Every structure is written in structure tokens, then in C-alpha cells.
>>> print(open('entry-v6.txt').read())   # compact mmCIF, C-alpha atoms
# COMPACT_ATOMS: atom_id res chain seq x y z
CA MET A 1 -119.77 185.89 -41.29
CA LYS A 2 -119.08 182.19 -41.89
CA GLN A 3 -115.74 180.85 -43.03
CA GLY A 4 -115.57 180.82 -46.82
CA GLN A 5 -118.64 183.02 -47.26
CA ASP A 6 -118.12 186.25 -49.23
CA ILE A 7 -120.05 189.46 -48.80
CA THR A 8 -120.12 191.61 -51.94
CA ALA A 9 -121.37 195.01 -53.01
CA ASN A 10 -121.57 196.33 -56.57
CA PHE A 11 -121.60 200.04 -57.46
CA PRO A 12 -121.10 201.91 -60.73
CA GLY A 13 -117.39 201.59 -61.39
CA ILE A 14 -116.39 199.45 -58.41
CA PHE A 15 -116.96 196.00 -56.92
CA ILE A 16 -116.21 195.21 -53.24
CA ILE A 17 -115.62 191.78 -51.68
CA HIS A 18 -115.37 190.99 -47.97
CA GLN A 19 -113.68 187.59 -47.94
CA LYS A 20 -113.11 185.25 -45.02
CA ILE A 21 -111.08 182.24 -46.06
CA ARG A 22 -107.61 181.01 -45.17
CA GLY A 23 -105.25 178.93 -47.22
CA ASN A 24 -106.64 180.30 -50.47
CA THR A 25 -104.48 180.01 -53.61
CA VAL A 26 -105.20 181.42 -57.06
CA ASP A 27 -102.80 180.73 -59.95
CA HIS A 28 -101.60 183.40 -62.37
CA HIS A 29 -104.44 185.43 -63.84
CA ARG A 30 -105.21 189.07 -64.70
CA HIS A 31 -108.09 191.52 -64.51
CA GLU A 32 -109.05 194.59 -66.51
CA ASP A 33 -109.63 196.53 -63.28
CA HIS A 34 -107.43 198.26 -60.73
CA GLU A 35 -107.28 196.00 -57.65
CA LEU A 36 -106.73 196.73 -53.98
CA PHE A 37 -106.22 194.05 -51.33
CA LEU A 38 -106.63 195.11 -47.71
CA PRO A 39 -105.94 192.29 -45.19
CA LEU A 40 -107.90 192.42 -41.93
CA GLN A 41 -106.59 189.16 -40.46
CA GLY A 42 -103.79 186.93 -41.66
CA GLU A 43 -101.21 187.54 -44.37
CA ILE A 44 -101.48 187.54 -48.15
CA GLN A 45 -98.78 187.14 -50.78
CA ILE A 46 -99.07 188.30 -54.37
CA HIS A 47 -96.54 187.61 -57.12
CA ALA A 48 -97.00 190.18 -59.86
CA GLU A 49 -94.58 190.35 -62.77
CA LYS A 50 -91.21 191.01 -61.12
CA ALA A 51 -92.70 192.07 -57.78
CA ALA A 52 -93.26 189.76 -54.81
CA LEU A 53 -95.65 191.62 -52.53
CA LYS A 54 -96.62 190.64 -48.98
CA ALA A 55 -99.13 192.28 -46.66
CA GLY A 56 -100.86 191.68 -43.35
CA PRO A 57 -103.08 193.96 -41.24
CA GLY A 58 -101.73 197.49 -41.50
CA LYS A 59 -100.71 197.08 -45.15
CA MET A 60 -102.50 196.97 -48.47
CA ILE A 61 -101.53 195.89 -51.98
CA TYR A 62 -102.39 197.68 -55.20
CA LEU A 63 -102.28 196.14 -58.70
CA PRO A 64 -102.83 198.10 -61.94
CA PRO A 65 -105.05 196.67 -64.71
CA GLN A 66 -103.83 193.76 -66.82
CA THR A 67 -101.19 192.74 -64.27
CA PRO A 68 -100.56 188.97 -64.32
CA HIS A 69 -100.43 187.79 -60.72
CA SER A 70 -100.95 184.87 -58.39
CA PHE A 71 -102.53 185.08 -54.94
CA ARG A 72 -101.90 183.11 -51.74
CA SER A 73 -103.30 183.68 -48.26
CA ASP A 74 -101.89 182.53 -44.93
CA LEU A 75 -102.54 178.88 -44.10
CA THR A 76 -101.93 179.16 -40.37
CA SER A 77 -104.23 181.97 -39.25
CA GLN A 78 -107.72 183.24 -39.83
CA GLY A 79 -107.86 184.87 -43.25
CA GLU A 80 -110.04 187.92 -43.67
CA ARG A 81 -109.63 190.69 -46.21
CA LEU A 82 -111.31 193.38 -48.27
CA ILE A 83 -110.82 193.29 -52.03
CA LEU A 84 -111.70 196.27 -54.18
CA MET A 85 -111.92 196.22 -57.97
CA ILE A 86 -112.12 199.59 -59.75
CA GLU A 87 -112.97 199.92 -63.43
CA ALA A 88 -110.46 201.86 -65.50
CA THR A 89 -113.09 204.43 -66.49
CA ALA A 90 -113.95 205.17 -62.84
CA TRP A 91 -110.27 205.38 -61.89
CA LYS A 92 -109.60 207.88 -64.67
CA LYS A 93 -112.78 209.87 -63.96
CA HIS A 94 -111.67 210.51 -60.38
CA GLN A 95 -108.07 211.44 -61.31
CA GLY A 96 -106.43 208.17 -60.33
CA GLY A 97 -102.75 208.14 -61.32
CA THR A 98 -100.51 205.59 -63.04
CA PHE A 99 -98.65 203.24 -60.67
CA GLY A 100 -96.99 199.86 -60.66
CA PRO A 101 -97.74 196.97 -58.28
CA SER A 102 -97.22 198.31 -54.74
CA ALA A 103 -97.48 197.32 -51.10
CA ILE A 104 -98.15 200.39 -48.96
CA SER A 105 -99.45 201.28 -45.51
CA ALA A 106 -103.15 200.64 -45.06
CA SER A 107 -105.51 203.59 -45.03
CA GLN A 108 -108.03 203.74 -42.21
CA LEU A 109 -110.16 206.05 -44.34
CA CYS A 110 -110.25 203.51 -47.19
CA LYS A 111 -111.22 200.77 -44.77
CA GLU A 112 -114.04 202.84 -43.28
CA ILE A 113 -115.39 203.79 -46.71
CA LEU A 114 -115.35 200.18 -47.90
CA PHE A 115 -117.26 198.97 -44.84
CA GLN A 116 -119.71 201.87 -45.16
CA LEU A 117 -120.44 200.85 -48.76
CA LEU A 118 -120.71 197.17 -47.84
CA ILE A 119 -123.08 197.78 -44.93
CA HIS A 120 -125.14 200.46 -46.68
CA PRO A 121 -125.17 199.49 -50.39
CA LYS A 122 -128.10 201.83 -51.10
CA THR A 123 -126.55 204.92 -49.53
CA LYS A 124 -127.11 208.13 -51.48
CA ALA A 125 -123.56 209.17 -50.64
CA SER A 126 -122.01 206.36 -52.70
CA LYS A 127 -120.77 208.64 -55.51
CA ALA A 128 -118.95 210.97 -53.11
CA LEU A 129 -117.54 208.03 -51.14
CA ILE A 130 -116.24 206.31 -54.30
CA GLU A 131 -114.58 209.52 -55.49
CA THR A 132 -112.92 210.01 -52.10
CA LEU A 133 -111.85 206.36 -52.05
CA ILE A 134 -110.14 206.47 -55.44
CA GLN A 135 -108.45 209.80 -54.78
CA THR A 136 -107.18 208.61 -51.39
CA ILE A 137 -105.69 205.43 -52.88
CA SER A 138 -104.02 207.42 -55.66
CA GLU A 139 -102.59 210.00 -53.24
CA MET A 140 -101.19 207.27 -50.99
CA LEU A 141 -99.55 205.51 -53.92
CA GLU A 142 -98.04 208.80 -55.12
CA ALA A 143 -96.67 209.53 -51.64
CA ALA A 144 -95.36 206.03 -50.99
CA PRO A 145 -91.56 206.01 -50.44
CA GLN A 146 -89.53 204.42 -53.24
CA ARG A 147 -86.51 203.44 -51.15
CA ASP A 148 -85.27 200.80 -53.60
CA ALA A 149 -85.19 203.28 -56.48
CA ASN A 150 -81.99 205.27 -56.98
CA PRO A 151 -82.22 208.30 -59.31
CA LEU A 152 -78.47 208.06 -59.93
CA HIS A 153 -79.13 204.80 -61.81
CA PHE A 154 -82.15 205.90 -63.84
CA THR A 155 -80.27 206.91 -66.97
CA GLY A 156 -78.51 203.55 -67.10
CA GLN A 157 -81.79 201.68 -66.57
CA ALA A 158 -83.75 203.53 -69.25
CA LYS A 159 -83.68 201.99 -72.73
CA ASP A 160 -86.14 204.14 -74.66
CA PRO A 161 -84.47 207.35 -75.95
CA ARG A 162 -87.62 209.34 -75.16
CA ILE A 163 -87.36 208.35 -71.49
CA LYS A 164 -83.67 209.26 -71.52
CA THR A 165 -84.68 212.69 -72.82
CA ALA A 166 -87.28 213.01 -70.07
CA LEU A 167 -84.75 212.03 -67.42
CA ALA A 168 -82.33 214.69 -68.62
CA LEU A 169 -85.12 217.27 -68.37
CA LEU A 170 -86.16 216.07 -64.92
CA GLU A 171 -82.62 216.08 -63.61
CA GLU A 172 -82.04 219.63 -64.86
CA ASN A 173 -85.39 221.04 -63.71
CA PHE A 174 -86.46 219.11 -60.58
CA HIS A 175 -85.89 222.23 -58.43
CA ARG A 176 -88.46 224.36 -60.26
CA SER A 177 -92.17 224.11 -60.87
CA PHE A 178 -93.10 222.43 -64.14
CA SER A 179 -95.79 220.10 -65.38
CA ILE A 180 -95.48 216.45 -66.30
CA GLU A 181 -97.40 217.36 -69.48
CA GLU A 182 -94.55 219.72 -70.42
CA ILE A 183 -91.90 217.01 -69.94
CA ALA A 184 -94.01 214.49 -71.89
CA ARG A 185 -94.45 216.92 -74.79
CA LYS A 186 -90.74 217.71 -74.96
CA SER A 187 -90.01 213.97 -74.91
CA GLY A 188 -92.32 213.37 -77.88
CA LEU A 189 -95.06 211.50 -76.02
CA SER A 190 -98.63 212.01 -74.90
CA THR A 191 -98.99 212.37 -71.14
CA ARG A 192 -100.69 208.99 -70.80
CA SER A 193 -98.10 207.14 -72.92
CA PHE A 194 -95.30 208.96 -71.12
CA ASN A 195 -96.54 207.91 -67.68
CA ARG A 196 -96.96 204.28 -68.71
CA LEU A 197 -93.63 204.01 -70.53
CA PHE A 198 -91.78 205.76 -67.70
CA LEU A 199 -93.30 203.35 -65.18
CA THR A 200 -92.45 200.32 -67.35
CA GLU A 201 -88.82 201.41 -67.80
CA LEU A 202 -88.05 202.59 -64.25
CA ALA A 203 -90.79 201.18 -61.96
CA VAL A 204 -91.58 204.69 -60.68
CA THR A 205 -93.82 207.46 -61.99
CA PRO A 206 -92.41 210.77 -63.29
CA LYS A 207 -93.67 212.56 -60.16
CA GLN A 208 -92.00 209.98 -57.93
CA ALA A 209 -88.79 210.36 -59.93
CA MET A 210 -88.88 214.12 -59.44
CA THR A 211 -89.24 213.62 -55.68
CA LEU A 212 -86.32 211.18 -55.68
CA TYR A 213 -84.12 213.69 -57.53
CA ARG A 214 -85.03 216.33 -54.95
CA VAL A 215 -84.32 214.06 -52.00
CA GLU A 216 -80.99 212.90 -53.48
CA ARG A 217 -79.85 216.47 -54.12
CA ALA A 218 -80.96 217.52 -50.63
CA LYS A 219 -78.89 214.68 -49.12
CA GLN A 220 -75.81 215.92 -50.98
CA LEU A 221 -76.31 219.53 -49.85
CA LEU A 222 -76.99 218.55 -46.25
CA ARG A 223 -73.86 216.40 -46.03
CA GLN A 224 -71.81 219.24 -47.51
CA GLY A 225 -73.26 221.73 -45.05
CA LYS A 226 -74.53 223.98 -47.88
CA GLY A 227 -76.97 226.00 -45.81
CA SER A 228 -79.73 225.39 -43.29
CA VAL A 229 -82.55 222.88 -43.66
CA THR A 230 -84.80 225.77 -44.73
CA ASP A 231 -82.31 227.01 -47.32
CA ILE A 232 -81.90 223.53 -48.80
CA ALA A 233 -85.67 222.89 -48.84
CA PHE A 234 -86.20 225.94 -51.05
CA GLU A 235 -83.14 225.19 -53.18
CA VAL A 236 -84.39 221.73 -54.18
CA GLY A 237 -87.84 223.02 -55.08
CA TYR A 238 -90.04 222.92 -51.98
CA GLN A 239 -92.14 225.93 -51.01
CA SER A 240 -92.95 224.45 -47.60
CA VAL A 241 -90.24 223.41 -45.15
CA SER A 242 -92.64 221.09 -43.31
CA GLN A 243 -93.49 219.33 -46.58
CA PHE A 244 -89.78 218.93 -47.34
CA ILE A 245 -89.07 217.45 -43.90
CA ALA A 246 -92.00 215.03 -44.14
CA THR A 247 -91.03 213.91 -47.65
CA PHE A 248 -87.36 213.54 -46.76
CA ARG A 249 -88.17 211.47 -43.68
CA ARG A 250 -90.63 209.28 -45.58
CA HIS A 251 -88.03 208.43 -48.23
CA THR A 252 -84.90 208.14 -46.08
CA GLY A 253 -86.17 207.27 -42.61
CA GLN A 254 -84.21 210.26 -41.27
CA LEU A 255 -84.75 213.91 -40.49
CA PRO A 256 -82.82 216.33 -42.72
CA SER A 257 -81.14 217.80 -39.65
CA SER A 258 -79.52 214.43 -38.90
CA LEU A 259 -77.44 214.74 -42.09
CA LEU A 260 -76.60 218.43 -41.70
CA ARG A 261 -72.94 219.02 -40.91
>>> encode(input="entry-v6.txt", output="C-alpha cells")
Amino acid sequence: MKQGQDITANFPGIFIIHQKIRGNTVDHHRHEDHELFLPLQGEIQIHAEKAALKAGPGKMIYLPPQTPHSFRSDLTSQGERLILMIEATAWKKHQGGTFGPSAISASQLCKEILFQLLIHPKTKASKALIETLIQTISEMLEAAPQRDANPLHFTGQAKDPRIKTALALLEENFHRSFSIEEIARKSGLSTRSFNRLFLTELAVTPKQAMTLYRVERAKQLLRQGKGSVTDIAFEVGYQSVSQFIATFRRHTGQLPSSLLR
């Protein structure tokens, strides 16, 4: 592939670009699609709303639709990246969630699917691959640690009274099983409006907020010595101790046992 020459592939619902160019700059603009940037060589920087996102190989950047952003790629090294654009209808069809601009760890599976679609644009497996691709991206965004977000500050950050109501419900019920639809209904919002407004107010999704409440409560119980790791995992709402340990470590960088007195 020559420098500056793009390879593209178009499928129902998605458009893929394999780009090889360094020192590329694009001023503020927006798209109607969900966007994913996956650097293969060199570094990219994206300024989106209040977020300054940076990624090199091993990372990828996600932008939701209608997000004003500028793009800049590394001037000093070979620039090569995959760019994926997903139509809102395709994202919704395959159960993609609602997320803000994010820089997360790159997915090897996403990379392999994108190259498979680029190399074999007429493959009969394209529908299954696209569904897997969208669901994988959504799952990774949902699982991404929100280390800058503090649930203790959420109530002070929220301005909309409906989100304040939702936060009170989340804080009281994070330890039990309940649906986001239930919280949205009790807050006076549709599920879609609730997710979007929650994300706008707090920069996290309701599911991510629930996880943060669980992790924060677990930290308190561990430091107070209120039972074993297993006891605390069940008390804060996890049915699997291994899932609790993995989630706790992802969000804090520590094992629960390291906090246990």
C-alpha cells in the first residue's frame, strides 16, 4: 500500500477505511455515524467536545454520532490506521449501547474482522462478522474502566432532577438485580432518553455508574474488614466472585484482597 493511498470497503451499515498517511490534520467536523479509530502505526490525537483522546498501536478511539471533533496524526512516524464508520441503524440493530467519546484498549478480534472484510469484501459471512464487530465494540466500551469518575460526586454533578432521582435509585439498589428500563421509567424518561441524558450529565452510562457504586462500596467494606472477598462480592451485587475480582481490578488496578484488613 502506497503512502497516502486509502483502501476502502463498503457494506450495509458500515464503511471501512485502511489509511496510510502521516501528518494528517482535519479541523473540527462531525459525522452522523459511530466512528472507531484503530491505529496500526504511529499515534493519533482527537479532540472531541471536552475530551482530548490519544491512541497509538494497542489502543482505539470511539466517537458517538454527531460528536464535533478534530483529528491529528503523528508527524514523526509512519501513520497507518483503520477507521470504521457504523450507521446508527446498524449500531442499534446489533444492540450497540450508548457511550461517550472513549479511548480504550484495542481489540484483536475487531482488527481481524476489519481486515477480513477489507480483504474479502464479497464474503458471505459479512452479516455475521458485522454483528460480532458491533457487539464486541459495545461490550468493550461497557467494560472500560472509568477511573476518573467518582460516584460520590455524581449527585453534585447532576443538574437535571430526573437524573438526580435516578442516582438516588441507583445508589439505593446497586446491590440487587434491576433493569435500566425500570430506573428510567421511575425517573420519568424513556430508556433511550435516559441513557443519553445520563451520559451527557455524568459522562458515564447508567450501567457504568452502577458498577462504580458497587466498586466504591466494596472498597469501603474491604478496608473495614467487613467479611471475606467472597462475602463482599455477594453483598455488593455480584453472583460470581471471579467477575467481581476482575471488575474490581479493572477499575482500581488492585486485587480486592490487597485492601482487605
>>> axis_aligned_box(input="entry-v6.txt", around="region 209-224 of chain A", padding_each_side="5 Å", output="JSON")
{"center_x": -80.5, "center_y": 214.9, "center_z": -53.0, "size_x": 27.4, "size_y": 19.2, "size_z": 23.9}
>>> residues_around(input="entry-v6.txt", residues="Ile7 (chain A)", least_positions_apart="6", cutoff="12 Å", atoms="all atoms listed in the file", output="NGL selection string")
:A and (1 or 15-21 or 80-83 or 114-115 or 117-119 or 121)
>>> atom_distance(input="entry-v6.txt", atom1="CA of Ser257 (chain A)", atom2="CA of Val229 (chain A)")
6.6 Å
>>> closest_residue(input="entry-v6.txt", among="A:Phe11, A:Tyr238, A:Phe248, A:Phe154", to="Lys122 (chain A)", atoms="all atoms listed in the file")
A:Phe11
>>> residues_around(input="entry-v6.txt", residues="Ile104 (chain A)", least_positions_apart="4", cutoff="7 Å", atoms="only C-alpha atoms", output="number ranges by chain")
A: 59-61, 144
>>> closest_residue(input="entry-v6.txt", among="A:Phe244, A:Gly79, A:Glu87, A:Glu49", to="Asp6 (chain A)", atoms="all atoms listed in the file")
A:Gly79
>>> atom_distance(input="entry-v6.txt", atom1="CA of Leu53 (chain A)", atom2="CA of Val215 (chain A)")
25.1 Å
>>> closest_residue(input="entry-v6.txt", among="A:Arg250, A:Lys54, A:Lys111, A:His175", to="Ile232 (chain A)", atoms="only C-alpha atoms")
A:His175
>>> residues_around(input="entry-v6.txt", residues="His47 (chain A)", least_positions_apart="4", cutoff="12 Å", atoms="all atoms listed in the file", output="mmCIF file with C-alpha atoms, keeping the file's coordinate frame")
data_model
loop_
_atom_site.group_PDB
_atom_site.id
_atom_site.type_symbol
_atom_site.label_atom_id
_atom_site.label_comp_id
_atom_site.auth_asym_id
_atom_site.auth_seq_id
_atom_site.Cartn_x
_atom_site.Cartn_y
_atom_site.Cartn_z
ATOM 1 C CA THR A 25 -104.480 180.010 -53.610
ATOM 2 C CA VAL A 26 -105.200 181.420 -57.060
ATOM 3 C CA ASP A 27 -102.800 180.730 -59.950
ATOM 4 C CA HIS A 28 -101.600 183.400 -62.370
ATOM 5 C CA HIS A 29 -104.440 185.430 -63.840
ATOM 6 C CA ARG A 30 -105.210 189.070 -64.700
ATOM 7 C CA ALA A 51 -92.700 192.070 -57.780
ATOM 8 C CA ALA A 52 -93.260 189.760 -54.810
ATOM 9 C CA LEU A 53 -95.650 191.620 -52.530
ATOM 10 C CA LYS A 54 -96.620 190.640 -48.980
ATOM 11 C CA ALA A 55 -99.130 192.280 -46.660
ATOM 12 C CA ILE A 61 -101.530 195.890 -51.980
ATOM 13 C CA TYR A 62 -102.390 197.680 -55.200
ATOM 14 C CA LEU A 63 -102.280 196.140 -58.700
ATOM 15 C CA THR A 67 -101.190 192.740 -64.270
ATOM 16 C CA PRO A 68 -100.560 188.970 -64.320
ATOM 17 C CA HIS A 69 -100.430 187.790 -60.720
ATOM 18 C CA SER A 70 -100.950 184.870 -58.390
ATOM 19 C CA PHE A 71 -102.530 185.080 -54.940
ATOM 20 C CA ARG A 72 -101.900 183.110 -51.740
ATOM 21 C CA SER A 73 -103.300 183.680 -48.260
ATOM 22 C CA PRO A 101 -97.740 196.970 -58.280
ATOM 23 C CA SER A 102 -97.220 198.310 -54.740
ATOM 24 C CA ALA A 103 -97.480 197.320 -51.100
#
>>> atom_distance(input="entry-v6.txt", atom1="CA of Leu141 (chain A)", atom2="CA of Phe37 (chain A)")
13.5 Å
>>> residues_around(input="entry-v6.txt", residues="Ile14 (chain A)", least_positions_apart="2", cutoff="10 Å", atoms="all atoms listed in the file", output="list in words")
Ala9, Asn10, Phe11, Pro12, Ile16, Asp33, His34, Glu35, Leu84, Met85, Ile86, Glu87, Ala88, Ala90, Trp91, Ile130 and Ile134 of chain A
>>> closest_residue(input="entry-v6.txt", among="A:Ala149, A:Leu129, A:Phe99, A:Thr165", to="Arg192 (chain A)", atoms="all atoms listed in the file")
A:Phe99
>>> closest_residue(input="entry-v6.txt", among="A:Lys226, A:Ser107, A:Val204, A:Gln146", to="Thr252 (chain A)", atoms="all atoms listed in the file")
A:Gln146
>>> closest_residue(input="entry-v6.txt", among="A:Pro57, A:Gly13, A:Ala246, A:Leu167", to="Lys127 (chain A)", atoms="all atoms listed in the file")
A:Gly13
>>> residues_near_point(input="entry-v6.txt", point="(-90.6, 224.2, -59.8)", cutoff="10 Å", atoms="all atoms listed in the file", output="MDAnalysis selection string")
chainID A and resid 173:179 234 236:239
>>> build_atoms(input="entry-v6.txt", residues="region 11-22 of chain A", atoms="all heavy atoms", output="PDB file, in the coordinates of the input")
ATOM      1  N   PHE A  11    -121.227 198.651 -57.191  1.00  0.00           N
ATOM      2  CA  PHE A  11    -121.600 200.040 -57.460  1.00  0.00           C
ATOM      3  C   PHE A  11    -121.107 200.410 -58.848  1.00  0.00           C
ATOM      4  O   PHE A  11    -120.220 199.737 -59.388  1.00  0.00           O
ATOM      5  CB  PHE A  11    -120.967 200.975 -56.416  1.00  0.00           C
ATOM      6  CG  PHE A  11    -121.432 200.749 -55.010  1.00  0.00           C
ATOM      7  CD1 PHE A  11    -120.792 199.827 -54.204  1.00  0.00           C
ATOM      8  CD2 PHE A  11    -122.502 201.459 -54.496  1.00  0.00           C
ATOM      9  CE1 PHE A  11    -121.211 199.612 -52.906  1.00  0.00           C
ATOM     10  CE2 PHE A  11    -122.938 201.252 -53.194  1.00  0.00           C
ATOM     11  CZ  PHE A  11    -122.291 200.319 -52.398  1.00  0.00           C
ATOM     12  N   PRO A  12    -121.624 201.477 -59.431  1.00  0.00           N
ATOM     13  CA  PRO A  12    -121.100 201.910 -60.730  1.00  0.00           C
ATOM     14  C   PRO A  12    -119.597 202.177 -60.649  1.00  0.00           C
ATOM     15  O   PRO A  12    -119.157 203.059 -59.918  1.00  0.00           O
ATOM     16  CB  PRO A  12    -121.883 203.192 -61.012  1.00  0.00           C
ATOM     17  CG  PRO A  12    -123.159 203.030 -60.250  1.00  0.00           C
ATOM     18  CD  PRO A  12    -122.777 202.303 -58.997  1.00  0.00           C
ATOM     19  N   GLY A  13    -118.835 201.378 -61.344  1.00  0.00           N
ATOM     20  CA  GLY A  13    -117.390 201.590 -61.390  1.00  0.00           C
ATOM     21  C   GLY A  13    -116.561 200.784 -60.429  1.00  0.00           C
ATOM     22  O   GLY A  13    -115.346 200.661 -60.605  1.00  0.00           O
ATOM     23  N   ILE A  14    -117.176 200.223 -59.373  1.00  0.00           N
ATOM     24  CA  ILE A  14    -116.390 199.450 -58.410  1.00  0.00           C
ATOM     25  C   ILE A  14    -117.149 198.210 -57.949  1.00  0.00           C
ATOM     26  O   ILE A  14    -118.382 198.146 -58.003  1.00  0.00           O
ATOM     27  CB  ILE A  14    -115.982 200.283 -57.180  1.00  0.00           C
ATOM     28  CG1 ILE A  14    -117.190 200.551 -56.267  1.00  0.00           C
ATOM     29  CG2 ILE A  14    -115.305 201.580 -57.581  1.00  0.00           C
ATOM     30  CD1 ILE A  14    -116.805 201.087 -54.900  1.00  0.00           C
ATOM     31  N   PHE A  15    -116.393 197.224 -57.480  1.00  0.00           N
ATOM     32  CA  PHE A  15    -116.960 196.000 -56.920  1.00  0.00           C
ATOM     33  C   PHE A  15    -116.161 195.682 -55.652  1.00  0.00           C
ATOM     34  O   PHE A  15    -114.922 195.671 -55.669  1.00  0.00           O
ATOM     35  CB  PHE A  15    -116.848 194.852 -57.917  1.00  0.00           C
ATOM     36  CG  PHE A  15    -117.447 193.556 -57.450  1.00  0.00           C
ATOM     37  CD1 PHE A  15    -118.801 193.457 -57.171  1.00  0.00           C
ATOM     38  CD2 PHE A  15    -116.652 192.425 -57.280  1.00  0.00           C
ATOM     39  CE1 PHE A  15    -119.367 192.264 -56.746  1.00  0.00           C
ATOM     40  CE2 PHE A  15    -117.199 191.232 -56.860  1.00  0.00           C
ATOM     41  CZ  PHE A  15    -118.568 191.142 -56.592  1.00  0.00           C
ATOM     42  N   ILE A  16    -116.853 195.436 -54.536  1.00  0.00           N
ATOM     43  CA  ILE A  16    -116.210 195.210 -53.240  1.00  0.00           C
ATOM     44  C   ILE A  16    -116.508 193.785 -52.767  1.00  0.00           C
ATOM     45  O   ILE A  16    -117.641 193.310 -52.866  1.00  0.00           O
ATOM     46  CB  ILE A  16    -116.718 196.205 -52.178  1.00  0.00           C
ATOM     47  CG1 ILE A  16    -116.567 197.640 -52.673  1.00  0.00           C
ATOM     48  CG2 ILE A  16    -115.959 196.015 -50.859  1.00  0.00           C
ATOM     49  CD1 ILE A  16    -117.288 198.652 -51.803  1.00  0.00           C
ATOM     50  N   ILE A  17    -115.478 193.124 -52.236  1.00  0.00           N
ATOM     51  CA  ILE A  17    -115.620 191.780 -51.680  1.00  0.00           C
ATOM     52  C   ILE A  17    -115.063 191.762 -50.265  1.00  0.00           C
ATOM     53  O   ILE A  17    -113.939 192.215 -50.032  1.00  0.00           O
ATOM     54  CB  ILE A  17    -114.864 190.727 -52.520  1.00  0.00           C
ATOM     55  CG1 ILE A  17    -115.256 190.803 -53.985  1.00  0.00           C
ATOM     56  CG2 ILE A  17    -115.095 189.328 -51.967  1.00  0.00           C
ATOM     57  CD1 ILE A  17    -114.358 190.004 -54.910  1.00  0.00           C
ATOM     58  N   HIS A  18    -115.855 191.263 -49.330  1.00  0.00           N
ATOM     59  CA  HIS A  18    -115.370 190.990 -47.970  1.00  0.00           C
ATOM     60  C   HIS A  18    -115.219 189.474 -47.893  1.00  0.00           C
ATOM     61  O   HIS A  18    -116.209 188.744 -47.911  1.00  0.00           O
ATOM     62  CB  HIS A  18    -116.355 191.504 -46.926  1.00  0.00           C
ATOM     63  CG  HIS A  18    -115.871 191.294 -45.518  1.00  0.00           C
ATOM     64  ND1 HIS A  18    -116.699 191.363 -44.434  1.00  0.00           N
ATOM     65  CD2 HIS A  18    -114.644 191.003 -45.020  1.00  0.00           C
ATOM     66  CE1 HIS A  18    -116.019 191.139 -43.325  1.00  0.00           C
ATOM     67  NE2 HIS A  18    -114.761 190.909 -43.665  1.00  0.00           N
ATOM     68  N   GLN A  19    -113.974 189.018 -47.825  1.00  0.00           N
ATOM     69  CA  GLN A  19    -113.680 187.590 -47.940  1.00  0.00           C
ATOM     70  C   GLN A  19    -113.120 187.060 -46.621  1.00  0.00           C
ATOM     71  O   GLN A  19    -112.288 187.703 -45.982  1.00  0.00           O
ATOM     72  CB  GLN A  19    -112.636 187.394 -49.050  1.00  0.00           C
ATOM     73  CG  GLN A  19    -112.423 185.972 -49.488  1.00  0.00           C
ATOM     74  CD  GLN A  19    -111.476 185.909 -50.669  1.00  0.00           C
ATOM     75  OE1 GLN A  19    -110.263 186.045 -50.504  1.00  0.00           O
ATOM     76  NE2 GLN A  19    -112.018 185.724 -51.869  1.00  0.00           N
ATOM     77  N   LYS A  20    -113.591 185.887 -46.239  1.00  0.00           N
ATOM     78  CA  LYS A  20    -113.110 185.250 -45.020  1.00  0.00           C
ATOM     79  C   LYS A  20    -112.774 183.791 -45.332  1.00  0.00           C
ATOM     80  O   LYS A  20    -113.619 182.905 -45.275  1.00  0.00           O
ATOM     81  CB  LYS A  20    -114.164 185.327 -43.905  1.00  0.00           C
ATOM     82  CG  LYS A  20    -113.629 184.968 -42.522  1.00  0.00           C
ATOM     83  CD  LYS A  20    -114.661 185.273 -41.458  1.00  0.00           C
ATOM     84  CE  LYS A  20    -114.089 185.023 -40.064  1.00  0.00           C
ATOM     85  NZ  LYS A  20    -115.096 185.302 -39.006  1.00  0.00           N
ATOM     86  N   ILE A  21    -111.539 183.580 -45.716  1.00  0.00           N
ATOM     87  CA  ILE A  21    -111.080 182.240 -46.060  1.00  0.00           C
ATOM     88  C   ILE A  21    -109.571 182.187 -45.908  1.00  0.00           C
ATOM     89  O   ILE A  21    -108.867 183.115 -46.282  1.00  0.00           O
ATOM     90  CB  ILE A  21    -111.497 181.866 -47.500  1.00  0.00           C
ATOM     91  CG1 ILE A  21    -111.059 180.453 -47.840  1.00  0.00           C
ATOM     92  CG2 ILE A  21    -110.949 182.861 -48.501  1.00  0.00           C
ATOM     93  CD1 ILE A  21    -111.617 179.952 -49.167  1.00  0.00           C
ATOM     94  N   ARG A  22    -109.050 181.134 -45.314  1.00  0.00           N
ATOM     95  CA  ARG A  22    -107.610 181.010 -45.170  1.00  0.00           C
ATOM     96  C   ARG A  22    -107.102 179.899 -46.098  1.00  0.00           C
ATOM     97  O   ARG A  22    -107.850 179.024 -46.518  1.00  0.00           O
ATOM     98  CB  ARG A  22    -107.227 180.691 -43.723  1.00  0.00           C
ATOM     99  CG  ARG A  22    -107.763 179.370 -43.200  1.00  0.00           C
ATOM    100  CD  ARG A  22    -107.354 179.194 -41.755  1.00  0.00           C
ATOM    101  NE  ARG A  22    -107.838 177.932 -41.222  1.00  0.00           N
ATOM    102  CZ  ARG A  22    -107.666 177.541 -39.959  1.00  0.00           C
ATOM    103  NH1 ARG A  22    -107.027 178.333 -39.120  1.00  0.00           N
ATOM    104  NH2 ARG A  22    -108.128 176.387 -39.549  1.00  0.00           N
TER     105      ARG A  22
END
